[in-house]
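With mmCIF, C-alpha atoms (C1' of nucleotides) inside, this is protein.cif:
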```
data_input
loop_
_atom_site.label_atom_id
_atom_site.label_comp_id
_atom_site.auth_asym_id
_atom_site.auth_seq_id
_atom_site.Cartn_x
_atom_site.Cartn_y
_atom_site.Cartn_z
CA MET K 1 16.27 11.98 -24.84
CA ARG K 2 17.25 12.51 -21.22
CA ARG K 3 16.10 10.17 -18.48
CA MET K 4 14.44 11.66 -15.41
CA LYS K 5 16.14 11.40 -12.06
CA PHE K 6 15.66 8.75 -9.37
CA HIS K 7 15.18 5.56 -11.31
CA PRO K 8 16.23 2.63 -9.10
CA THR K 9 18.60 0.17 -10.70
CA THR K 10 17.32 -3.29 -11.49
CA GLU K 11 19.03 -4.83 -8.48
CA ASP K 12 17.63 -2.15 -6.20
CA LEU K 13 14.01 -2.89 -7.04
CA GLU K 14 12.20 -3.76 -3.82
CA LEU K 15 9.20 -6.00 -3.75
CA PRO K 16 7.19 -4.11 -1.10
CA ALA K 17 7.69 -0.85 -2.99
CA VAL K 18 6.63 -2.40 -6.28
CA LEU K 19 3.58 -4.03 -4.74
CA HIS K 20 2.63 -0.80 -3.05
CA ALA K 21 3.01 1.11 -6.32
CA LEU K 22 0.70 -1.39 -8.00
CA SER K 23 -1.85 -1.40 -5.19
CA ASP K 24 -3.53 1.84 -6.27
CA PRO K 25 -6.34 1.53 -8.85
CA HIS K 26 -5.22 4.63 -10.76
CA ARG K 27 -1.65 3.45 -10.99
CA LEU K 28 -2.81 -0.01 -11.92
CA ARG K 29 -4.76 1.51 -14.82
CA ILE K 30 -1.67 3.40 -15.94
CA VAL K 31 0.37 0.21 -15.91
CA ARG K 32 -2.28 -1.69 -17.84
CA ALA K 33 -2.47 1.05 -20.44
CA LEU K 34 1.31 1.06 -20.83
CA ALA K 35 1.30 -2.70 -21.21
CA ASP K 36 -1.46 -2.67 -23.81
CA GLU K 37 0.22 -0.02 -25.95
CA PRO K 38 4.00 -0.38 -25.77
CA THR K 39 4.64 3.00 -27.42
CA PRO K 40 5.82 5.48 -24.75
CA ARG K 41 2.98 7.77 -23.78
CA ARG K 42 2.64 11.23 -22.27
CA CYS K 43 1.39 11.57 -18.69
CA GLY K 44 -1.68 13.45 -19.82
CA SER K 45 -2.73 10.79 -22.30
CA PHE K 46 -4.23 8.52 -19.65
CA ASP K 47 -7.90 9.03 -19.07
CA LEU K 48 -7.86 9.28 -15.29
CA ASP K 49 -10.25 11.47 -13.38
CA VAL K 50 -7.68 13.26 -11.26
CA THR K 51 -5.93 16.59 -11.48
CA LYS K 52 -2.54 17.12 -13.07
CA SER K 53 -0.71 17.36 -9.77
CA THR K 54 -2.21 14.08 -8.58
CA LEU K 55 -1.15 12.54 -11.87
CA THR K 56 2.39 13.76 -11.34
CA HIS K 57 2.34 12.16 -7.92
CA HIS K 58 1.24 8.76 -9.25
CA PHE K 59 3.84 8.77 -11.99
CA ARG K 60 6.52 9.59 -9.48
CA VAL K 61 5.48 6.70 -7.24
CA LEU K 62 5.62 4.32 -10.20
CA ARG K 63 8.99 5.65 -11.32
CA GLU K 64 10.61 5.60 -7.88
CA ALA K 65 9.40 2.04 -7.32
CA GLY K 66 11.01 1.11 -10.63
CA VAL K 67 7.82 0.17 -12.42
CA ILE K 68 8.07 2.74 -15.17
CA ASP K 69 10.76 4.65 -17.05
CA GLN K 70 10.28 8.37 -17.62
CA ARG K 71 12.14 10.32 -20.28
CA VAL K 72 12.07 14.00 -21.02
CA ASP K 73 10.86 14.86 -24.51
CA GLY K 74 10.41 18.60 -24.81
CA THR K 75 7.66 19.61 -22.43
CA ALA K 76 6.38 16.05 -22.24
CA ARG K 77 7.41 13.03 -20.20
CA LEU K 78 7.39 9.78 -22.11
CA ASN K 79 6.41 6.84 -19.93
CA SER K 80 7.16 3.22 -20.58
CA LEU K 81 7.01 0.03 -18.55
CA ARG K 82 10.28 -1.44 -17.26
CA ARG K 83 9.15 -4.88 -18.33
CA GLU K 84 12.57 -6.51 -18.69
CA ASP K 85 13.86 -5.11 -15.41
CA LEU K 86 10.77 -6.23 -13.52
CA GLU K 87 10.85 -9.61 -15.18
CA ARG K 88 14.49 -10.12 -14.26
CA ARG K 89 13.98 -9.08 -10.67
CA PHE K 90 10.49 -10.51 -10.06
CA PRO K 91 9.83 -13.13 -12.73
CA GLY K 92 6.17 -13.51 -13.64
CA LEU K 93 4.96 -10.80 -11.29
CA LEU K 94 3.97 -8.18 -13.83
CA ASP K 95 2.38 -10.74 -16.12
CA ALA K 96 0.32 -12.08 -13.24
CA VAL K 97 -0.84 -8.59 -12.33
CA LEU K 98 -1.69 -7.76 -15.93
CA ALA K 99 -3.47 -11.06 -16.46
CA SER K 100 -6.05 -10.37 -13.78
CA ALA K 101 -9.34 -8.85 -14.80
CA PRO K 102 -9.23 -5.07 -15.29
CA VAL K 103 -10.18 -2.93 -12.33
CA ALA K 104 -13.68 -1.47 -12.41
CA MET X 1 -13.26 -25.73 13.63
CA ARG X 2 -15.09 -22.46 13.08
CA ARG X 3 -13.94 -19.95 10.48
CA MET X 4 -13.42 -16.36 11.55
CA LYS X 5 -15.66 -13.65 10.16
CA PHE X 6 -15.06 -11.44 7.12
CA HIS X 7 -13.37 -13.71 4.67
CA PRO X 8 -14.04 -12.40 1.15
CA THR X 9 -15.28 -15.00 -1.32
CA THR X 10 -12.98 -16.01 -4.15
CA GLU X 11 -14.82 -13.87 -6.68
CA ASP X 12 -14.71 -10.88 -4.38
CA LEU X 13 -10.92 -10.85 -4.09
CA GLU X 14 -9.68 -7.49 -5.30
CA LEU X 15 -6.26 -7.02 -6.78
CA PRO X 16 -5.46 -3.64 -5.18
CA ALA X 17 -6.39 -4.97 -1.75
CA VAL X 18 -4.28 -8.11 -2.22
CA LEU X 19 -1.30 -6.13 -3.48
CA HIS X 20 -1.62 -3.71 -0.59
CA ALA X 21 -1.79 -6.57 1.89
CA LEU X 22 1.39 -8.00 0.40
CA SER X 23 3.21 -4.66 0.28
CA ASP X 24 4.14 -4.67 3.95
CA PRO X 25 7.40 -6.43 4.90
CA HIS X 26 5.93 -8.00 8.03
CA ARG X 27 2.94 -9.36 6.20
CA LEU X 28 5.16 -10.56 3.39
CA ARG X 29 7.19 -12.52 5.91
CA ILE X 30 4.05 -14.08 7.33
CA VAL X 31 2.97 -15.15 3.85
CA ARG X 32 6.39 -16.60 3.05
CA ALA X 33 6.37 -18.54 6.30
CA LEU X 34 2.90 -19.91 5.60
CA ALA X 35 4.00 -20.93 2.13
CA ASP X 36 7.14 -22.65 3.37
CA GLU X 37 5.31 -24.66 6.02
CA PRO X 38 1.81 -25.54 4.82
CA THR X 39 0.65 -26.67 8.27
CA PRO X 40 -1.69 -24.02 9.75
CA ARG X 41 0.16 -21.95 12.30
CA ARG X 42 -0.76 -19.82 15.27
CA CYS X 43 -0.42 -16.03 15.01
CA GLY X 44 2.20 -15.99 17.75
CA SER X 45 4.42 -18.53 16.04
CA PHE X 46 5.86 -16.04 13.59
CA ASP X 47 9.05 -14.42 14.74
CA LEU X 48 8.13 -10.79 14.08
CA ASP X 49 9.39 -7.96 16.21
CA VAL X 50 6.04 -6.33 16.89
CA THR X 51 3.56 -6.41 19.74
CA LYS X 52 0.56 -8.72 19.91
CA SER X 53 -1.91 -6.03 18.94
CA THR X 54 0.11 -5.09 15.88
CA LEU X 55 0.25 -8.75 14.95
CA THR X 56 -3.53 -8.98 15.20
CA HIS X 57 -3.77 -5.98 12.88
CA HIS X 58 -1.55 -7.55 10.21
CA PHE X 59 -3.41 -10.85 10.29
CA ARG X 60 -6.70 -9.02 9.91
CA VAL X 61 -5.41 -7.12 6.87
CA LEU X 62 -4.28 -10.38 5.29
CA ARG X 63 -7.57 -12.10 6.08
CA GLU X 64 -9.81 -9.27 4.87
CA ALA X 65 -7.85 -9.04 1.63
CA GLY X 66 -8.40 -12.76 1.18
CA VAL X 67 -4.77 -13.78 1.39
CA ILE X 68 -5.12 -16.03 4.42
CA ASP X 69 -7.76 -18.16 6.08
CA GLN X 70 -8.17 -17.93 9.85
CA ARG X 71 -9.89 -20.59 11.91
CA VAL X 72 -10.65 -20.65 15.60
CA ASP X 73 -9.02 -23.50 17.49
CA GLY X 74 -9.51 -23.06 21.19
CA THR X 75 -7.72 -19.89 22.19
CA ALA X 76 -5.59 -19.97 19.05
CA ARG X 77 -6.19 -18.79 15.48
CA LEU X 78 -4.89 -21.18 12.87
CA ASN X 79 -3.64 -19.39 9.78
CA SER X 80 -3.24 -20.84 6.34
CA LEU X 81 -2.66 -19.43 2.87
CA ARG X 82 -5.63 -19.31 0.47
CA ARG X 83 -3.42 -20.63 -2.31
CA GLU X 84 -6.13 -22.16 -4.48
CA ASP X 85 -8.41 -19.14 -4.22
CA LEU X 86 -5.61 -16.73 -5.03
CA GLU X 87 -4.44 -18.93 -7.88
CA ARG X 88 -7.92 -19.10 -9.38
CA ARG X 89 -8.49 -15.37 -9.12
CA PHE X 90 -4.94 -14.12 -9.86
CA PRO X 91 -3.05 -16.95 -11.58
CA GLY X 92 0.68 -16.91 -10.95
CA LEU X 93 0.60 -13.89 -8.67
CA LEU X 94 1.37 -15.57 -5.37
CA ASP X 95 4.04 -17.78 -6.92
CA ALA X 96 5.71 -14.74 -8.43
CA VAL X 97 5.69 -12.97 -5.08
CA LEU X 98 7.03 -16.01 -3.27
CA ALA X 99 9.70 -16.63 -5.89
CA SER X 100 11.39 -13.27 -5.32
CA ALA X 101 14.31 -13.07 -2.93
CA PRO X 102 13.29 -12.91 0.74
CA VAL X 103 12.97 -9.52 2.35
CA ALA X 104 15.91 -8.46 4.52
"C1'" DT C 1 9.06 38.00 -27.32
"C1'" DC C 2 4.76 36.38 -26.18
"C1'" DG C 3 2.02 33.14 -25.25
"C1'" DC C 4 0.74 28.09 -24.98
"C1'" DT C 5 1.48 23.39 -23.43
"C1'" DA C 6 2.96 19.70 -20.37
"C1'" DA C 7 4.37 18.83 -16.36
"C1'" DT C 8 6.63 19.85 -11.65
"C1'" DA C 9 6.97 22.18 -6.89
"C1'" DC C 10 5.04 23.33 -2.84
"C1'" DG C 11 1.79 23.57 0.70
"C1'" DA C 12 -2.42 22.05 2.61
"C1'" DC C 13 -6.06 18.88 3.99
"C1'" DG C 14 -8.43 14.73 5.45
"C1'" DA C 15 -8.00 9.85 5.41
"C1'" DC C 16 -5.72 5.92 6.23
"C1'" DC C 17 -1.89 3.11 8.23
"C1'" DA C 18 1.45 0.83 11.40
"C1'" DT C 19 2.38 0.85 15.91
"C1'" DC C 20 1.63 0.64 20.73
"C1'" DG C 21 -0.51 0.17 25.60
"C1'" DT C 22 -4.17 -1.12 28.24
"C1'" DA C 23 -8.08 -3.54 28.96
"C1'" DC C 24 -10.63 -7.37 27.88
"C1'" DC C 25 -12.26 -12.15 26.53
"C1'" DA C 26 -12.60 -17.14 25.73
"C1'" DA C 27 -10.67 -21.65 26.11
"C1'" DA C 28 -7.80 -24.92 28.59
"C1'" DG C 29 -5.32 -26.62 32.53
"C1'" DT C 30 -4.81 -26.97 37.44
"C1'" DA W 1 -12.73 -21.10 40.75
"C1'" DC W 2 -8.32 -19.37 39.59
"C1'" DT W 3 -4.57 -18.84 36.38
"C1'" DT W 4 -2.45 -19.05 32.18
"C1'" DT W 5 -2.49 -18.70 27.31
"C1'" DG W 6 -3.51 -16.72 22.74
"C1'" DG W 7 -5.63 -13.42 20.82
"C1'" DT W 8 -9.09 -9.30 20.25
"C1'" DA W 9 -11.05 -4.43 21.17
"C1'" DC W 10 -10.37 0.12 21.74
"C1'" DG W 11 -8.12 4.42 21.80
"C1'" DA W 12 -4.11 7.17 20.88
"C1'" DT W 13 -0.14 8.72 18.22
"C1'" DG W 14 2.91 9.82 14.60
"C1'" DG W 15 3.64 9.11 9.91
"C1'" DT W 16 2.37 8.36 5.21
"C1'" DC W 17 -0.95 8.61 1.36
"C1'" DG W 18 -4.09 10.46 -2.15
"C1'" DT W 19 -5.96 14.55 -3.40
"C1'" DC W 20 -6.21 19.27 -4.64
"C1'" DG W 21 -5.12 24.40 -5.74
"C1'" DT W 22 -1.90 27.62 -6.89
"C1'" DA W 23 2.38 28.99 -8.50
"C1'" DT W 24 6.21 27.89 -11.37
"C1'" DT W 25 9.27 26.01 -14.86
"C1'" DA W 26 10.89 24.20 -19.43
"C1'" DG W 27 10.24 23.78 -24.14
"C1'" DC W 28 7.84 24.83 -28.39
"C1'" DG W 29 5.57 27.68 -31.92
"C1'" DA W 30 3.88 31.96 -33.79
#
```
For the file at hand, write its structure as structure tokens.
Amino acid sequence: MRRMKFHPTTEDLELPAVLHALSDPHRLRIVRALADEPTPRRCGSFDLDVTKSTLTHHFRVLREAGVIDQRVDGTARLNSLRREDLERRFPGLLDAVLASAPVA
Amino acid sequence: MRRMKFHPTTEDLELPAVLHALSDPHRLRIVRALADEPTPRRCGSFDLDVTKSTLTHHFRVLREAGVIDQRVDGTARLNSLRREDLERRFPGLLDAVLASAPVA
DNA sequence: TCGCTAATACGACGACCATCGTACCAAAGT
DNA sequence: ACTTTGGTACGATGGTCGTCGTATTAGCGA
């Protein structure tokens, strides 16, 4: 199952980019959902009130910041959190973000 | 020593706003500096290569997100981190951010 | 082959952002 | 009162961001 292009390596993860990726409520909801259910999920399976193209945009921001991993599975893209990579590079950061109360 | 206006209360701190405030390299450097030296510091005492008005902008973003506290002391503004408030609202978040390698 | 599905590509739009320059203000020192 | 100091207010500018619509592509199934 092929990996999509432009995933930063673990060492290349940059804190400002990660924080910016997480600073959008929609993207934050995606990350929470991925953390709650560790099974890789399709882009369309997140109940966000935006169009498909906007969704594509948000997933790209998350991927290029190194927050998520995207793999090609037929016509779908399977998304998963890069928990280990984030933990190695920014210990405790993701857990702290996930621990805060869900966004309204 | 009077507090400046528009400090959000602890309960009103919002994660996206805090993450956005921390996602700028200049502001990140300010926060690191405030964490390293807990004595309240003047806005001008941070060695950032931006003009005064830009500096004012960054400090306002940090204050309105609830990351820092700004008090009026004569002509100066004394800045300090809202560590306890941030810790209560988003446990571990600030420590995780500060623990990561400094920005180049 | 002919759709159907899931997502991307591209272009557009308004909003916001970081930055700056200039003008201004308030406190402190002389 | 004048000057200096530390910072704010305001307006402008160029760039990025979130959003959308439309067109397009890749894979799957009938």
Got a sec to resolve the PyMOL selection byres ((chain C and resi 19) around 12) on this structure and send the residues as a list in words?
->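 Here the PyMOL selection byres ((chain C and resi 19) around 12) matches Asp49, Val50, Thr51, Lys52, Ser53, Thr54, Leu55, Thr56, His57 and His58 of chain X; DC17, DA18, DC20 and DG21 of chain C; DA12, DT13, DG14 and DG15 of chain W.
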Do me a favour and pick out the residues of chain X within 9 Å of chain K, using only C-alpha atoms, as a ChimeraX atom specification.
-> /X:14-25,28,89-97,99-101,103
Straight-line distance linking CA of Arg32 (chain K) with CA of Leu81 (chain K), stated in Å to one decimal |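 A separation of 9.5 Å between them.
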Taking all atoms listed in the file into account, what are the residues of chain W at most 8 Å from chain X, put as a PyMOL selection string?
-> chain W and resi 5-8
State, in Å with one decimal place, the distance from CA of Pro38 (chain K) to CA of Asp85 (chain K).
-> 15.1 Å
From X:Glu11, X:Leu86, X:Arg2, X:Asn79, residue lying nearest Val67 (chain X) [all atoms listed in the file] |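 Of all the options, X:Leu86 lies closest to Val67 (chain X).
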Enumerate, as a list in words, the residues matched when the PyMOL selection byres ((chain C) within 12 of (chain K)) is run on the file above.
->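 Residues picked by the PyMOL selection byres ((chain C) within 12 of (chain K)): DC4, DT5, DA6, DA7, DT8, DA9 and DC10 of chain C.
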Which residues come within 12 Å of Lys5 (chain K), counting all atoms listed in the file, excluding same-chain residues fewer than 4 positions away, as a list in words?
->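 The filter keeps Thr9, Arg60, Arg63, Glu64, Gly66, Asp69, Gln70, Arg71 and Val72 of chain K.
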How far is it from C1' of DA30 (chain W) to C1' of DG3 (chain C), in Å with one decimal?
-> 8.8 Å
With 4 Å of padding per side, what axis-aligned box (centre and edge lengths, Å, one decimal) covers all the listed atoms of region 8-27 of chain W? Give it as JSON.
```
{"center_x": -0.1, "center_y": 9.8, "center_z": -1.2, "size_x": 29.9, "size_y": 46.3, "size_z": 53.9}
```
Best match for closeness to Ala35 (chain X) among X:Pro8, X:Asp47, X:Leu62, X:Arg83, counting all atoms listed in the file =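 Distance minimum relative to Ala35 (chain X) lands on X:Arg83.
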Quick one: apply the PyMOL selection byres ((chain W and resi 3) around 10) to the file and drop the selected residues here as JSON, numbers by chain.
-> {"C": [29, 30], "W": [1, 2, 4, 5]}
Using all atoms listed in the file, pick whichever of C:DA28, C:DA12, C:DA23, C:DC2 has the shortest atom-to-atom distance to DG29 (chain W).
->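 Ranked by minimum distance to DG29 (chain W), first place goes to C:DC2.
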Residues near DA15 (chain C), cut-off 12 Å, all atoms listed in the file, skip fewer than 4 positions along chain, as an MDAnalysis selection string = chainID W and resid 16:19
For the selection you just gave me, I'd like the residues written to a file as a PDB file, in the coordinates of the input, keeping C-alpha atoms (C1' of nucleotides).
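For reference, selection12.pdb as written:
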```
ATOM      1  C1'  DT W  16       2.370   8.360   5.210  1.00  0.00           C
ATOM      2  C1'  DC W  17      -0.950   8.610   1.360  1.00  0.00           C
ATOM      3  C1'  DG W  18      -4.090  10.460  -2.150  1.00  0.00           C
ATOM      4  C1'  DT W  19      -5.960  14.550  -3.400  1.00  0.00           C
TER       5       DT W  19
END
```
